[in-house]
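Visitor: Here it is, the structure in full.
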Amino acid sequence: MGSSKGVESRILLQRLRAVMAEAGEGQDRLNSIVRLIAESMAAEVCSIYLRRDEQTLELCATEGLRAEAVHNTRLRIGEGLVGRVVKSANPVNEADAPKAKGFSYRPETGEEIYSSFLGVPISRLGAVLGVVVVQNTAPRIYTDDEIYALEIVAMVLAEMTELGVFAGPDDLSVPTQHSWPFFARGLIGQEGAAEGVVLLHEQQVVVANPVADDPDVEMAKLAAAIETLQSEVDRMYEADFAHEAGDHRDVLDTYRMFAQDRGWRRRMEASIDSGLAAIVAVEREQTSTRMRMERVADPYIRERLHDLDDLSNRLLRILSGGEGANGRDIPDNAVLVARNIGPGELLDYAGKIIGVVLEEGSVGSHAAIVARALAIPLVIQAEHISREALNGDPILVDGDSGVVHLRPEEKIVAAFREKLAMQAEAQHEYAALRDLPAETRNGVVVDLHMNAGLMADLPSLNTCGAQGVGLYRTELQFLIHARMPRRDDLVSLYTRVMDAAGDMPVTFRTLDIGSDKVLPYLKRVEEPNPALGWRAIRVGLDRPGVMRMQLQALIRAAKGRPLRVMFPFVAETDEYLQARDMVHAEIAREVAHKHVVPSDLKIGAMLETPSLAYAPDMFFKTTDFLSIGGNDLKQFFFAADRENELVRRRYDTLNLSFLDFIEHIVKRCTAARTPVSFCGEDAGRPLEALALAAMGLRNLSMRPASVGPVKRILRLVDLDEARAVIISARERGEISARPALTDWIAKLVS
Ligand code: PEP
Ligand code: MG
């Protein structure tokens, strides 16, 4: 075994290792390394540039360029050929460098006499830490073998840089990687703020010895690890939930394909053949996958590259004998940082973390739903966070603005702490209001309820000041499991929910799946427009099996207690009537089986489609109650997808046409004497809640954390005055009531 290029680079790596083993300062080591590389590659110049901070590269050692340039020559990322290497994360190979596009002339280096230039990124797991460059006077293009050799060397340099062997404890001239402040602007996943330390979800592998002692031993390690991986994947495949077709199965198919893929394996073997340890060979492969991932726009290919990345992670875990973050000691103030995370995995961290930052994820993702249930701040799409963050790094998560500060500077920390203190003060104020009603100055009482969906939500019921659960989203339980829950599971879950609520009412909404809520174990129906597609009650009526099971479970859990059931996404009267018949049929069955039935039954519908606002009077009279699902209703009213970042914030809830529409619905309910509530996210935003109350709503259901702020604003105002402000804004022809209401409130509190 062993190609000639493998043998050459092996010799180079062995010599590199000998240099590493020598005692001395980091700078001495770097100097020896550049000398060694220059000599081995017959180059007149070899230089190493390392990141000084997020934006800057610094010449840290050179053989051939002027010594006084070391630690003086700095380039911005993207500047000069070296900066180009970082920006593109790819080698740059130029025969006539001074004439090449982007060449940046630095007189202090004396490099203008060298024509040929080869720069290779020093990168690890997608993070570019620096650049290693060789140069020669004679103009030439470096061969593929030379590029390959320098890449292998760069891999070892990356490991050493990450280990901090160049930045000695006493010598601060060589920059330490991951030491500078890093800022990411992502999206708001869940509001709130947290100050803590990073806990990486994906294990951070520390490689003490990147060069293989014996390639045969490393080859055997890789083979054994791949075998373990293959059997892990097979076991997952055989697990019961995988028997049904679905997304999980697709992922596993991809896993299997890669786990058996010879190209993937061969590339890692070639790296070992070149002298790298097995674990570094896997990292090298993973680095190139991540680089590809950055460039690929096609969502399908990106997904597959993710699967490959996950597989590399598993392989690294096997090779390092480590476990996931959950097996480790978790500090008190841990902020979980991950590329992405599944809802079940996130739930495992419940109670152990104070915030979450994801590099990917979407507002409606299952992880976001869980973060909301855990009531911890979540920032999503925080670019590059998972590669910049190290375990234990200080981190500030601002879920209110979607911003993350990693290793922040003092003044940022101070400002952030001020914000936290203000929030704590506000919490204090809300706690004092807990047992008081949301009664306005003119004596109108608005009932405030909370939204829930997981057991993790329920402790809030006793602390947030809500009068009950206005919306229990039953699908969340279905979403976080890998297989369909059984009826008995549901009976015990719903029993626990009702027990936890005690005398307070809980409104259970039947499964609202489809659109953004896809169950991993159900066959996915490809739809051109899922938000307008086969979802919620439409699925429940067409395939009644699951809904029937759920209704049975609810009736059994109620066991002589009152039961409130609500159907999602009803678009016309008939759908409600059919669903209601199903409830009655299940009650009749229970009676026939001599089971105890609920002491009182209320069957309601969610009003989430504009059509229902114009349903016949009969509809309003027949329903026991209605709840306006403002999230969906608003997306259909404005024809603006609630999941689409380009449009989802475009139309204001306080738009006067929308408020008119809400008022129309309230009037129809009042005329039919049907209780109506509002349970979309807007109910939890103080100004929006105020406007909804001004439009006549007397029952709002929201996230537990919003109950305090909403109660506070309602207790501050005279609702007739608020209404007058809205009406005069309408009369003035304004589009939204927001400016007028904001002004009015500001004057009120000043
Ligand atoms: C809504 O649409 O407003 C609602 C409460 O339901 P969901 O957000 O679960 O679709
Ligand atoms: Mg909805």
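We name chains A, B, ... following the order of the structure tokens; residues begin at 1 in each chain, and ligands are numbered from 1 as shown.
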I'd like the neighbourhood of stretch 255-261 of chain A as a list in words, where a residue qualifies if any of its atoms comes within 9 Å (using only C-alpha atoms), though same-chain residues fewer than 6 positions away should be ignored.

Guide: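 Neighbouring residues, sequence-local ones excluded: Ile226, Glu227, Leu229, Gln230, Val233, Asp234, Tyr237, Arg304, Asp307, Leu308, Asp310 and Leu311 of chain A.
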
Visitor: Name all residues at most 10 Å from A:Ile587 (count only C-alpha atoms; drop same-chain ones fewer than 4 positions away) and give them as a list of chain:residue names.

Guide: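 In the requested format, the answer is A:Leu551, A:Gln552, A:Ile555, A:Arg556, A:Asp581, A:Met582, A:Val583, A:Val591, A:Ala592, A:His593, A:His595, A:Val596, A:Val597, A:Pro598, A:Leu601.
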
Visitor: Set the distance at 12 Å and use only C-alpha atoms: which residues neighbour A:Ala67 once local chain neighbours fewer than 5 positions away are removed? I'd like the list as number ranges by chain.

Guide: A: 31, 45, 47, 59-62, 72-73, 108-111

Visitor: Could you save those same residues with N, CA, C and O atoms as a compact mmCIF listing (two decimals), in the first residue's frame?

Guide:
# COMPACT_ATOMS: atom_id res chain seq x y z
N ASN A 31 8.62 28.98 13.04
CA ASN A 31 9.80 29.27 12.22
C ASN A 31 10.40 27.98 11.66
O ASN A 31 10.76 27.91 10.48
N VAL A 45 10.28 30.54 -0.78
CA VAL A 45 9.54 31.19 0.32
C VAL A 45 8.51 30.22 0.86
O VAL A 45 7.86 29.49 0.11
N SER A 47 5.47 30.84 3.91
CA SER A 47 4.97 31.73 4.97
C SER A 47 3.68 31.17 5.54
O SER A 47 2.92 30.50 4.84
N LEU A 59 0.81 37.89 9.04
CA LEU A 59 1.97 37.07 8.70
C LEU A 59 2.64 36.67 10.01
O LEU A 59 3.11 37.54 10.76
N CYS A 60 2.68 35.37 10.28
CA CYS A 60 3.18 34.94 11.60
C CYS A 60 4.54 34.27 11.52
O CYS A 60 5.23 34.15 12.54
N ALA A 61 4.93 33.79 10.36
CA ALA A 61 6.27 33.21 10.21
C ALA A 61 6.60 33.16 8.74
O ALA A 61 5.70 33.00 7.90
N THR A 62 7.87 33.33 8.42
CA THR A 62 8.25 33.22 7.01
C THR A 62 9.67 32.72 6.86
O THR A 62 10.53 32.97 7.71
N ASN A 72 3.93 42.17 11.32
CA ASN A 72 3.62 43.54 10.89
C ASN A 72 2.70 43.55 9.68
O ASN A 72 1.84 44.41 9.55
N THR A 73 2.91 42.57 8.80
CA THR A 73 2.07 42.54 7.61
C THR A 73 0.71 41.93 7.95
O THR A 73 0.64 40.80 8.42
N GLU A 108 7.19 45.95 2.62
CA GLU A 108 7.98 45.44 3.75
C GLU A 108 8.33 43.96 3.62
O GLU A 108 9.25 43.47 4.26
N THR A 109 7.60 43.24 2.75
CA THR A 109 7.85 41.79 2.66
C THR A 109 8.94 41.47 1.65
O THR A 109 9.59 40.43 1.74
N GLY A 110 9.10 42.33 0.65
CA GLY A 110 10.06 42.07 -0.42
C GLY A 110 9.63 40.92 -1.32
O GLY A 110 10.43 40.26 -1.96
N GLU A 111 8.33 40.68 -1.41
CA GLU A 111 7.88 39.50 -2.15
C GLU A 111 7.70 39.73 -3.64
O GLU A 111 7.43 38.79 -4.38

Visitor: What residues of the protein or nucleic acid chains come within 7 Å of ligand 2 when you use only C-alpha atoms and all ligand atoms? Reply as a ChimeraX atom specification.

Guide: /A:568-569,608,629,631-632

Visitor: Let's have the selection written as an mmCIF file, in the first residue's frame, with C-alpha atoms.

Guide:
data_model
loop_
_atom_site.group_PDB
_atom_site.id
_atom_site.type_symbol
_atom_site.label_atom_id
_atom_site.label_comp_id
_atom_site.auth_asym_id
_atom_site.auth_seq_id
_atom_site.Cartn_x
_atom_site.Cartn_y
_atom_site.Cartn_z
ATOM 1 C CA PRO A 568 -58.259 23.540 13.464
ATOM 2 C CA PHE A 569 -58.527 25.117 10.060
ATOM 3 C CA GLU A 608 -58.335 30.659 10.486
ATOM 4 C CA GLY A 629 -56.096 31.601 14.743
ATOM 5 C CA ASN A 631 -51.317 33.382 12.489
ATOM 6 C CA ASP A 632 -53.120 31.577 9.720
#

Visitor: For chain A versus ligand 1, which residues have an atom no more than 10 Å away, and what is each residue's nearest atom pair and distance in Å rounded to one decimal, using only C-alpha atoms and all ligand atoms, chain-then-number order, as a tab-separated table?

Guide:
residue	atom	partner	partner_atom_place_in_ligand_line	distance
A:Gly364	CA	ligand 1	8 (O)	8.9
A:Ile369	CA	ligand 1	9 (O)	9.8
A:Asn451	CA	ligand 1	5 (C)	8.4
A:Gly453	CA	ligand 1	9 (O)	9.6
A:Gly470	CA	ligand 1	5 (C)	9.8
A:Leu471	CA	ligand 1	5 (C)	7.3
A:Tyr472	CA	ligand 1	9 (O)	9.2
A:Arg473	CA	ligand 1	9 (O)	6.5
A:Thr474	CA	ligand 1	9 (O)	9.4
A:Glu475	CA	ligand 1	9 (O)	8.7
A:Leu476	CA	ligand 1	9 (O)	9.3
A:Arg509	CA	ligand 1	9 (O)	9.1
A:Leu511	CA	ligand 1	9 (O)	9.6
A:Asp512	CA	ligand 1	9 (O)	6.9
A:Ile513	CA	ligand 1	9 (O)	8.9
A:Gly514	CA	ligand 1	10 (O)	10.0
A:Ser515	CA	ligand 1	10 (O)	9.0
A:Asp516	CA	ligand 1	10 (O)	8.7
A:Lys517	CA	ligand 1	9 (O)	8.8
A:Ala531	CA	ligand 1	10 (O)	9.7
A:Ala536	CA	ligand 1	10 (O)	9.1
A:Pro568	CA	ligand 1	6 (O)	7.5
A:Phe569	CA	ligand 1	2 (O)	8.0
A:Met606	CA	ligand 1	4 (C)	8.1
A:Leu607	CA	ligand 1	2 (O)	8.5
A:Glu608	CA	ligand 1	2 (O)	6.1
A:Thr609	CA	ligand 1	2 (O)	9.2
A:Ser627	CA	ligand 1	5 (C)	8.4
A:Ile628	CA	ligand 1	3 (O)	6.7
A:Gly629	CA	ligand 1	3 (O)	3.1
A:Gly630	CA	ligand 1	3 (O)	3.9
A:Asn631	CA	ligand 1	3 (O)	3.4
A:Asp632	CA	ligand 1	2 (O)	3.8
A:Leu633	CA	ligand 1	2 (O)	6.4
A:Lys634	CA	ligand 1	3 (O)	8.1
A:Gln635	CA	ligand 1	2 (O)	8.7
A:Arg642	CA	ligand 1	2 (O)	9.4
A:Phe678	CA	ligand 1	3 (O)	7.9
A:Cys679	CA	ligand 1	5 (C)	5.0
A:Gly680	CA	ligand 1	3 (O)	3.5
A:Glu681	CA	ligand 1	3 (O)	6.5
A:Asp682	CA	ligand 1	3 (O)	8.4
A:Ala683	CA	ligand 1	3 (O)	9.3
A:Ser701	CA	ligand 1	5 (C)	8.8
A:Met702	CA	ligand 1	5 (C)	8.9

Visitor: I'd like the contact shell of A:Thr622 - 12 Å cut-off, only C-alpha atoms, skipping same-chain residues fewer than 6 positions apart - returned as JSON, numbers by chain.

Guide: {"A": [573, 574, 576, 577, 580, 602, 603, 604, 605, 615, 616, 669, 672, 673, 674, 675]}

Visitor: Would you write out those residues with N, CA and C atoms, as a PDB file, in the first residue's frame?

Guide:
ATOM      1  N   THR A 573     -68.930  25.376   7.193  1.00  0.00           N
ATOM      2  CA  THR A 573     -69.771  24.821   8.255  1.00  0.00           C
ATOM      3  C   THR A 573     -69.746  23.301   8.294  1.00  0.00           C
ATOM      4  N   ASP A 574     -69.837  22.715   7.112  1.00  0.00           N
ATOM      5  CA  ASP A 574     -69.967  21.270   7.038  1.00  0.00           C
ATOM      6  C   ASP A 574     -68.804  20.527   7.688  1.00  0.00           C
ATOM      7  N   TYR A 576     -67.089  21.494  10.202  1.00  0.00           N
ATOM      8  CA  TYR A 576     -67.290  21.517  11.657  1.00  0.00           C
ATOM      9  C   TYR A 576     -68.343  20.484  12.054  1.00  0.00           C
ATOM     10  N   LEU A 577     -69.447  20.451  11.292  1.00  0.00           N
ATOM     11  CA  LEU A 577     -70.539  19.535  11.655  1.00  0.00           C
ATOM     12  C   LEU A 577     -70.075  18.077  11.600  1.00  0.00           C
ATOM     13  N   ARG A 580     -67.842  17.409  14.524  1.00  0.00           N
ATOM     14  CA  ARG A 580     -68.637  17.341  15.754  1.00  0.00           C
ATOM     15  C   ARG A 580     -69.360  15.994  15.842  1.00  0.00           C
ATOM     16  N   LYS A 602     -67.651  20.776  25.340  1.00  0.00           N
ATOM     17  CA  LYS A 602     -67.769  21.969  24.492  1.00  0.00           C
ATOM     18  C   LYS A 602     -66.942  21.704  23.240  1.00  0.00           C
ATOM     19  N   ILE A 603     -67.582  21.903  22.086  1.00  0.00           N
ATOM     20  CA  ILE A 603     -66.889  21.628  20.824  1.00  0.00           C
ATOM     21  C   ILE A 603     -66.781  22.928  20.031  1.00  0.00           C
ATOM     22  N   GLY A 604     -65.563  23.319  19.765  1.00  0.00           N
ATOM     23  CA  GLY A 604     -65.362  24.599  19.090  1.00  0.00           C
ATOM     24  C   GLY A 604     -64.610  24.457  17.780  1.00  0.00           C
ATOM     25  N   ALA A 605     -64.417  25.584  17.118  1.00  0.00           N
ATOM     26  CA  ALA A 605     -63.674  25.584  15.854  1.00  0.00           C
ATOM     27  C   ALA A 605     -62.697  26.750  15.865  1.00  0.00           C
ATOM     28  N   ALA A 615     -69.454  32.747   7.152  1.00  0.00           N
ATOM     29  CA  ALA A 615     -70.293  31.542   7.196  1.00  0.00           C
ATOM     30  C   ALA A 615     -71.716  31.936   7.596  1.00  0.00           C
ATOM     31  N   PRO A 616     -72.708  31.079   7.295  1.00  0.00           N
ATOM     32  CA  PRO A 616     -74.090  31.407   7.675  1.00  0.00           C
ATOM     33  C   PRO A 616     -74.220  31.577   9.191  1.00  0.00           C
ATOM     34  N   CYS A 669     -69.947  36.869  16.289  1.00  0.00           N
ATOM     35  CA  CYS A 669     -69.968  35.966  17.444  1.00  0.00           C
ATOM     36  C   CYS A 669     -70.862  36.531  18.538  1.00  0.00           C
ATOM     37  N   ALA A 672     -74.415  35.979  17.811  1.00  0.00           N
ATOM     38  CA  ALA A 672     -74.847  34.583  17.992  1.00  0.00           C
ATOM     39  C   ALA A 672     -74.627  34.116  19.436  1.00  0.00           C
ATOM     40  N   ARG A 673     -74.114  35.011  20.261  1.00  0.00           N
ATOM     41  CA  ARG A 673     -73.776  34.692  21.660  1.00  0.00           C
ATOM     42  C   ARG A 673     -72.780  33.537  21.760  1.00  0.00           C
ATOM     43  N   THR A 674     -71.876  33.501  20.811  1.00  0.00           N
ATOM     44  CA  THR A 674     -70.841  32.456  20.831  1.00  0.00           C
ATOM     45  C   THR A 674     -69.554  33.039  21.387  1.00  0.00           C
ATOM     46  N   PRO A 675     -69.010  32.437  22.437  1.00  0.00           N
ATOM     47  CA  PRO A 675     -67.750  32.970  22.972  1.00  0.00           C
ATOM     48  C   PRO A 675     -66.648  32.903  21.925  1.00  0.00           C
TER      49      PRO A 675
END

Visitor: So the first atom is atom CA of A:Leu659 and the second is atom CA of A:Arg732; what is the distance between them in Å, to one decimal place?

Guide: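 Computing it gives 15.3 Å between the two atoms.
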
Visitor: Could you work out how far atom CA of A:Ala639 lies from atom CA of A:Tyr300, giving the answer in Å with one decimal?

Guide: 26.8 Å

Visitor: Quote the spacing between atom CA of A:Leu436 and atom CA of A:Asp503 in Å to one decimal place.

Guide: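 About the pair atom CA of A:Leu436 and atom CA of A:Asp503: they are 17.8 Å apart.
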